[in-house]
Number of protein chains: 2
Amino acid sequence: MSPPAASSLAAGPVPTRLNGMTSSLHHRAIENLGTRIIAGELPAGHVMLAEQLEDELKVSRSVIREAVRVLQSLGLVETTKRVGIRVLPPSRWNPFDPQVIRWRLASDARGAQLRSLAELRAAVEPAAAELAAQNAPAPLRLELVDVAYAMRDAGLNGEVPRFLDLDIQFHSLLLSGSGNEMFANLMGQVAETLTGRTVHGLMPDHPNEAALQWHVDVAEAIARGDAAAAREGSDRILRRTMARMADTWTEQPRVFIPVRR
Amino acid sequence: MSPPAASSLAAGPVPTRLNGMTSSLHHRAIENLGTRIIAGELPAGHVMLAEQLEDELKVSRSVIREAVRVLQSLGLVETTKRVGIRVLPPSRWNPFDPQVIRWRLASDARGAQLRSLAELRAAVEPAAAELAAQNAPAPLRLELVDVAYAMRDAGLNGEVPRFLDLDIQFHSLLLSGSGNEMFANLMGQVAETLTGRTVHGLMPDHPNEAALQWHVDVAEAIARGDAAAAREGSDRILRRTMARMADTWTEQPRVFIPVRR
DNA sequence: TGACACCGATGTGTGCAGACATCAAAACTC
DNA sequence: GAGTTTTGATGTCTGCACACATCGGTGTCA
């Protein structure tokens with residue numbers, strides 16, 4: 001009785017795994033709806049019925065209900081009795097949620113999302129460098145210096161994969177060393193953007209020599225506790241990065257979220 | 001049949017409403033578990049069983065399951081078959097989620113949370129000011145100037161509640177004007193910290209005159225599109241704010257989240 | 001006759017209870 | 001120690017009862 005002839009969520013006959021993530025029905029329902037909402041396929045104000053979703057996704061009520069609850073906590077939908085499940089406008093979405101970010105990166109708004117992340121990173125990393133210079137534990141400072149030098153060598157030798165690895169590690173250590181868990185949490189997003197940049201061929205085989213040296217400078221400033229120098233160096237790196245990436249998101253429309261009063 | 005004699009989640013016999021938020025069983029279960037996990041009452045690694053939670057909270061399986069699913073999406077717990085529901089360490093929590101922030105503000109880590117938010121704000125607002133000077137729509141610029149002057153007047157006259165309102169409005173407009181939805185999303189948290197600061201008597205009756213003028217300067221710099229001046233002015237305001245709040249979180253332990261490799 | 005307040009019908013989410021399916025940890029066998 | 005079986009928890013499905021927001025009909029009053 002249980003298995004329907006065709007299931008729109010069942011990609012394979014066997015519940016497969018992807019990227020180590022659980023591929024439960026619940027998870028797939030979230031993915032399906034989240035993707036479609038953020039892509040604009042299900043526009044703000046659109047009302048769905050739980051029963052209709054069960055039907056459409058060929059899953060039971062419990063799966064739909066659990067998925068809707070999660071989407072609700074992300075600000076993607078709201079539920080009202082006698083009405084149904086209403087899609088909320090983008091201004092209600094939680095822009096910091098990793099899933100929302102991932103879905104936006106997979107949508108037409110990819111450029112805008114990359115810009116938002118880059119701007120956030122450009123704002124945060126210099127502050128993190130300053131804090132790291134003041135607070136980071138000694139072993140982390142030493143590791144940061146090591147990584148910076150290794151990164152410079154890899155960059156000069158054109159070892160692209162190794163360079164990317166070290167680059168991600170450098171910026172992760174920096175954010176982690178700030179001792180601010182919100183800053184540290186941006187590691188994941190930073191890694192994703194750096195990786196994406198390389199994969200999309202936006203990185204030259206031999207990174208700019210000056211930029212490589214700036215990384216070393218930042219690491220050493222943090223190591224000796226020079227907060228101002230760490231901040232300045234980090235700011236220099238990120239202004240250059242922003243300048244080089246700016247044309248990626250040229251003319252992406254900006255969204256101004258109204259102030260709620 | 002349905003209503004048990006005593007329900008540990010049922011504050012009132014009738015499903016009441018609080019702050020306009022739905023007070024469904026589901027919501028109360030999330031609140032109960034989220035609070036206890038973040039307070040450390042349910043430590044990382046602690047394993048619970050769904051059945052045990054049904055029993056403890058006196059609710060049905062579906063309520064527990066939906067709550068657990070939401071907590072899972074926040075990174076507070078993970079579920080494993082044959083094991084149960086395991087509480088995750090703080091490094092796995094999503095530090096940007098509004099609920100997580102609220103629970104942390106209500107816990108012993110309140111000081112650390114306030115510091116994190118303040119540092120984030122100090123990093124973001126100058127960047128937002130810079131972006132607002134470049135991108136904000138004209139009406140928003142005009143409103144910002146109006147609010148800045150009104151805020152200065154209210155501050156000079158010692159109209160504390162009005163000043164707080166305008167202060168929140170000023171910083172909200174600034175963040176909104178950046179055209180970065182992540183920055184704009186910080187409005188809520190900023191409002192909370194500003195309100196909390198006033199409520200806790202950390203604000204003098206008459207705000208510093210220079211600081212009031214700095215707000216006007218920032219608004220006018222944004223109005224005329226002077227990005228550098230907007231950034232510097234905003235940076236000045238926030239450095240002063242940070243300096244004045246620093247002793248609030250003296251000696252709050254910093255947490256260094258390890259870099260995952 | 002028209003406008004308005006009341007009130008019951010209706011439909012939808014919410015919550016409950018029980019069953020079976022699935023799968024990984026743990027125990028067991030060789 | 002490797003492979004197999006057992007076991008016990010979550011995952012999924014289903015039927016039912018209830019709460020309650022919305023809608024539309026009915027009655028009252030001007």
# chains A, B, ... in the order shown; residues from 1 in each chain; ligands from 1
$ residues_around --residues "Glu119 of chain B" --least-positions-apart "4" --cutoff "10 Å" --atoms "only C-alpha atoms (C1' of nucleotides)" --output "list in words"
Val124, Ala127, Ala128, Leu131, Asn180, Met182 and Phe183 of chain A; Gln113, Leu114, Arg115, Ala123, Val124, Leu238, Arg239 and Met242 of chain B
$ interface_residues --of "chain B" --to "chain D" --cutoff "6 Å" --atoms "only C-alpha atoms (C1' of nucleotides)" --output "list in words"
Lys81, Arg82 and Val83 of chain B
$ interface_residues --of "chain B" --to "chain A" --cutoff "7 Å" --atoms "only C-alpha atoms" --output "list in words"
Glu66, Arg69, Val70, Ser73, Pro95, Phe96, Ser116, Ala123, Val124, Ala127, Ser172, Leu173, Ser176, Gly177, Gly179, Asn180, Glu181, Met182, Ala184, Arg254, Val255, Phe256, Ile257, Pro258 and Val259 of chain B
$ closest_atom_pairs --of "chain C" --to "chain B" --cutoff "9 Å" --atoms "only C-alpha atoms (C1' of nucleotides)" --output "tab-separated table"
residue	atom	partner	partner_atom	distance
C:DT14	C1'	B:Ser24	CA	8.2
C:DG15	C1'	B:Ser60	CA	7.2
C:DC16	C1'	B:Ser60	CA	6.2
C:DA17	C1'	B:Ser60	CA	8.5
C:DC23	C1'	B:Lys81	CA	7.0
C:DA24	C1'	B:Lys81	CA	6.4
C:DA25	C1'	B:Arg82	CA	6.4
$ select_by_dssp --residues "segment 31-167 of chain B" --states "helix (DSSP H, G or I)" --output "ChimeraX atom specification"
/B:31-39,50-57,61-73,90-92,98-105,110-135,138-156,160-167
$ residues_around --residues "Ile37 of chain A" --least-positions-apart "4" --cutoff "10 Å" --atoms "only C-alpha atoms (C1' of nucleotides)" --output "ChimeraX atom specification"
/A:31-33,41-44,46,71,76-77,87-90,103-104
$ write_last_selection --atoms "all heavy atoms" --output "compact mmCIF listing (two decimals), in the first residue's frame"
# COMPACT_ATOMS: atom_id res chain seq x y z
N GLU A 31 13.88 20.85 0.78
CA GLU A 31 14.71 21.27 -0.35
C GLU A 31 13.84 21.70 -1.54
O GLU A 31 14.05 22.74 -2.15
CB GLU A 31 15.63 20.11 -0.73
CG GLU A 31 16.92 20.51 -1.39
CD GLU A 31 17.81 21.31 -0.45
OE1 GLU A 31 17.72 21.14 0.80
OE2 GLU A 31 18.57 22.14 -0.95
N ASN A 32 12.86 20.87 -1.83
CA ASN A 32 11.96 21.14 -2.94
C ASN A 32 11.25 22.48 -2.76
O ASN A 32 11.31 23.37 -3.63
CB ASN A 32 10.94 20.00 -3.03
CG ASN A 32 9.97 20.16 -4.18
OD1 ASN A 32 9.40 21.23 -4.37
ND2 ASN A 32 9.76 19.11 -4.96
N LEU A 33 10.60 22.65 -1.63
CA LEU A 33 9.82 23.87 -1.41
C LEU A 33 10.72 25.09 -1.26
O LEU A 33 10.44 26.16 -1.82
CB LEU A 33 8.93 23.69 -0.17
CG LEU A 33 7.83 22.64 -0.33
CD1 LEU A 33 7.11 22.41 0.98
CD2 LEU A 33 6.85 23.08 -1.42
N GLU A 41 9.42 30.73 -8.03
CA GLU A 41 8.41 29.89 -8.68
C GLU A 41 7.13 29.91 -7.85
O GLU A 41 6.02 29.85 -8.40
CB GLU A 41 8.95 28.48 -8.83
CG GLU A 41 8.00 27.53 -9.54
CD GLU A 41 8.51 26.09 -9.46
OE1 GLU A 41 9.74 25.89 -9.40
OE2 GLU A 41 7.68 25.17 -9.46
N LEU A 42 7.30 29.96 -6.53
CA LEU A 42 6.16 30.12 -5.63
C LEU A 42 6.27 31.53 -5.06
O LEU A 42 6.99 31.76 -4.10
CB LEU A 42 6.21 29.08 -4.50
CG LEU A 42 6.20 27.62 -4.95
CD1 LEU A 42 6.43 26.69 -3.76
CD2 LEU A 42 4.87 27.29 -5.63
N PRO A 43 5.57 32.49 -5.64
CA PRO A 43 5.78 33.90 -5.28
C PRO A 43 5.18 34.25 -3.92
O PRO A 43 4.32 33.52 -3.41
CB PRO A 43 5.05 34.64 -6.40
CG PRO A 43 3.98 33.71 -6.82
CD PRO A 43 4.53 32.32 -6.65
N ALA A 44 5.62 35.36 -3.38
CA ALA A 44 5.09 35.83 -2.10
C ALA A 44 3.58 36.00 -2.21
O ALA A 44 3.06 36.51 -3.20
CB ALA A 44 5.75 37.16 -1.73
N HIS A 46 1.50 33.59 -2.40
CA HIS A 46 0.93 32.36 -2.91
C HIS A 46 0.51 31.47 -1.74
O HIS A 46 1.25 31.29 -0.79
CB HIS A 46 1.96 31.63 -3.78
CG HIS A 46 1.47 30.35 -4.38
ND1 HIS A 46 0.60 30.31 -5.43
CD2 HIS A 46 1.72 29.06 -4.05
CE1 HIS A 46 0.34 29.05 -5.73
NE2 HIS A 46 1.02 28.27 -4.92
N LEU A 71 10.39 25.46 7.33
CA LEU A 71 10.34 26.62 6.43
C LEU A 71 9.76 27.83 7.16
O LEU A 71 10.16 28.97 6.92
CB LEU A 71 9.49 26.28 5.20
CG LEU A 71 10.06 25.18 4.31
CD1 LEU A 71 9.08 24.83 3.20
CD2 LEU A 71 11.40 25.60 3.71
N LEU A 76 10.15 31.58 5.54
CA LEU A 76 9.76 31.43 4.14
C LEU A 76 8.25 31.33 3.96
O LEU A 76 7.73 31.71 2.91
CB LEU A 76 10.44 30.20 3.51
CG LEU A 76 11.75 30.48 2.77
CD1 LEU A 76 12.77 31.08 3.71
CD2 LEU A 76 12.29 29.22 2.14
N VAL A 77 7.57 30.78 4.96
CA VAL A 77 6.12 30.65 4.88
C VAL A 77 5.50 30.97 6.24
O VAL A 77 6.20 31.01 7.26
CB VAL A 77 5.68 29.23 4.47
CG1 VAL A 77 6.28 28.84 3.13
CG2 VAL A 77 6.06 28.23 5.54
N VAL A 87 3.18 31.82 1.25
CA VAL A 87 4.58 32.15 0.99
C VAL A 87 4.82 33.61 1.39
O VAL A 87 4.04 34.49 1.05
CB VAL A 87 4.92 31.95 -0.50
CG1 VAL A 87 6.35 32.38 -0.79
CG2 VAL A 87 4.70 30.50 -0.90
N LEU A 88 5.91 33.84 2.13
CA LEU A 88 6.23 35.18 2.60
C LEU A 88 7.19 35.89 1.64
O LEU A 88 7.92 35.23 0.89
CB LEU A 88 6.86 35.10 3.99
CG LEU A 88 5.92 34.61 5.10
CD1 LEU A 88 6.67 34.43 6.41
CD2 LEU A 88 4.77 35.58 5.28
N PRO A 89 7.19 37.22 1.65
CA PRO A 89 8.07 37.97 0.76
C PRO A 89 9.53 37.87 1.22
O PRO A 89 9.78 37.59 2.40
CB PRO A 89 7.55 39.41 0.89
CG PRO A 89 6.93 39.45 2.25
CD PRO A 89 6.33 38.09 2.46
N PRO A 90 10.47 38.12 0.32
CA PRO A 90 11.90 37.99 0.64
C PRO A 90 12.33 38.78 1.87
O PRO A 90 13.27 38.37 2.56
CB PRO A 90 12.58 38.53 -0.62
CG PRO A 90 11.62 38.26 -1.70
CD PRO A 90 10.25 38.41 -1.09
N TRP A 103 20.17 28.25 -1.26
CA TRP A 103 19.10 28.31 -2.24
C TRP A 103 19.21 29.58 -3.09
O TRP A 103 18.95 29.55 -4.30
CB TRP A 103 17.73 28.27 -1.53
CG TRP A 103 17.42 26.94 -0.93
CD1 TRP A 103 17.81 25.72 -1.41
CD2 TRP A 103 16.68 26.68 0.27
NE1 TRP A 103 17.34 24.72 -0.58
CE2 TRP A 103 16.64 25.28 0.45
CE3 TRP A 103 16.02 27.49 1.20
CZ2 TRP A 103 15.98 24.68 1.52
CZ3 TRP A 103 15.36 26.88 2.26
CH2 TRP A 103 15.35 25.50 2.42
N ARG A 104 19.60 30.68 -2.47
CA ARG A 104 19.73 31.92 -3.25
C ARG A 104 20.90 31.81 -4.22
O ARG A 104 20.84 32.33 -5.34
CB ARG A 104 19.95 33.12 -2.32
CG ARG A 104 18.69 33.57 -1.63
CD ARG A 104 18.85 34.98 -1.09
NE ARG A 104 18.70 36.00 -2.10
CZ ARG A 104 19.32 37.17 -2.07
NH1 ARG A 104 20.15 37.45 -1.09
NH2 ARG A 104 19.12 38.05 -3.01
$ residues_around --residues "Ile222 of chain B" --least-positions-apart "3" --cutoff "9 Å" --atoms "only C-alpha atoms (C1' of nucleotides)" --output "ChimeraX atom specification"
/B:129-134,136,141,144-145,174,217-219,225-227,229-230
$ atom_distance --atom1 "atom CA of Ile64 of chain B" --atom2 "atom CA of Gly34 of chain A"
22.5 Å
$ residues_around --residues "Phe163 of chain A" --least-positions-apart "6" --cutoff "9 Å" --atoms "only C-alpha atoms (C1' of nucleotides)" --output "list in words"
Ala150, Met151, Arg152, Asp153, Ala154 and Gly155 of chain A
$ select_by_dssp --residues "segment 62-212 of chain B" --states "strand (DSSP E or B)" --output "NGL selection string"
:B and (77-80 or 84-87)
$ write_last_selection --atoms "N, CA, C and O atoms" --output "PDB file, in the first residue's frame"
ATOM      1  N   VAL B  77      20.344  20.336  17.756  1.00  0.00           N
ATOM      2  CA  VAL B  77      20.332  18.897  18.000  1.00  0.00           C
ATOM      3  C   VAL B  77      20.536  18.146  16.678  1.00  0.00           C
ATOM      4  O   VAL B  77      20.425  18.731  15.598  1.00  0.00           O
ATOM      5  N   GLU B  78      20.866  16.869  16.806  1.00  0.00           N
ATOM      6  CA  GLU B  78      20.868  15.991  15.639  1.00  0.00           C
ATOM      7  C   GLU B  78      20.181  14.704  16.047  1.00  0.00           C
ATOM      8  O   GLU B  78      20.162  14.357  17.227  1.00  0.00           O
ATOM      9  N   THR B  79      19.577  14.042  15.092  1.00  0.00           N
ATOM     10  CA  THR B  79      18.913  12.784  15.401  1.00  0.00           C
ATOM     11  C   THR B  79      19.645  11.647  14.716  1.00  0.00           C
ATOM     12  O   THR B  79      20.107  11.781  13.591  1.00  0.00           O
ATOM     13  N   THR B  80      19.778  10.560  15.421  1.00  0.00           N
ATOM     14  CA  THR B  80      20.400   9.364  14.853  1.00  0.00           C
ATOM     15  C   THR B  80      19.526   8.170  15.201  1.00  0.00           C
ATOM     16  O   THR B  80      19.098   8.024  16.344  1.00  0.00           O
ATOM     17  N   GLY B  84      18.931   8.335  19.280  1.00  0.00           N
ATOM     18  CA  GLY B  84      18.000   9.307  19.844  1.00  0.00           C
ATOM     19  C   GLY B  84      18.313  10.711  19.357  1.00  0.00           C
ATOM     20  O   GLY B  84      18.839  10.897  18.267  1.00  0.00           O
ATOM     21  N   ILE B  85      17.973  11.681  20.178  1.00  0.00           N
ATOM     22  CA  ILE B  85      18.145  13.084  19.839  1.00  0.00           C
ATOM     23  C   ILE B  85      19.320  13.593  20.660  1.00  0.00           C
ATOM     24  O   ILE B  85      19.251  13.655  21.882  1.00  0.00           O
ATOM     25  N   ARG B  86      20.398  13.961  19.976  1.00  0.00           N
ATOM     26  CA  ARG B  86      21.618  14.347  20.671  1.00  0.00           C
ATOM     27  C   ARG B  86      21.782  15.869  20.619  1.00  0.00           C
ATOM     28  O   ARG B  86      21.640  16.484  19.567  1.00  0.00           O
ATOM     29  N   VAL B  87      22.082  16.461  21.756  1.00  0.00           N
ATOM     30  CA  VAL B  87      22.341  17.902  21.833  1.00  0.00           C
ATOM     31  C   VAL B  87      23.715  18.186  21.245  1.00  0.00           C
ATOM     32  O   VAL B  87      24.686  17.502  21.562  1.00  0.00           O
TER      33      VAL B  87
END
$ atom_distance --atom1 "atom CA of Val190 of chain A" --atom2 "atom CA of Ala118 of chain B"
21.4 Å
$ residues_around --residues "Ser107 of chain B" --least-positions-apart "2" --cutoff "8 Å" --atoms "only C-alpha atoms (C1' of nucleotides)" --output "list in words"
Thr35, Ile38, Ala39, Trp103, Arg104, Leu105, Ala109 and Arg110 of chain B
$ write_last_selection --atoms "C-alpha atoms" --output "compact mmCIF listing (two decimals), in the first residue's frame"
# COMPACT_ATOMS: atom_id res chain seq x y z
CA THR B 35 16.05 27.62 26.17
CA ILE B 38 21.33 27.10 25.25
CA ALA B 39 21.26 27.62 29.00
CA TRP B 103 17.82 32.40 23.95
CA ARG B 104 21.45 33.35 24.47
CA LEU B 105 20.43 36.82 25.66
CA ALA B 109 25.97 34.01 28.08
CA ARG B 110 24.02 37.25 27.80
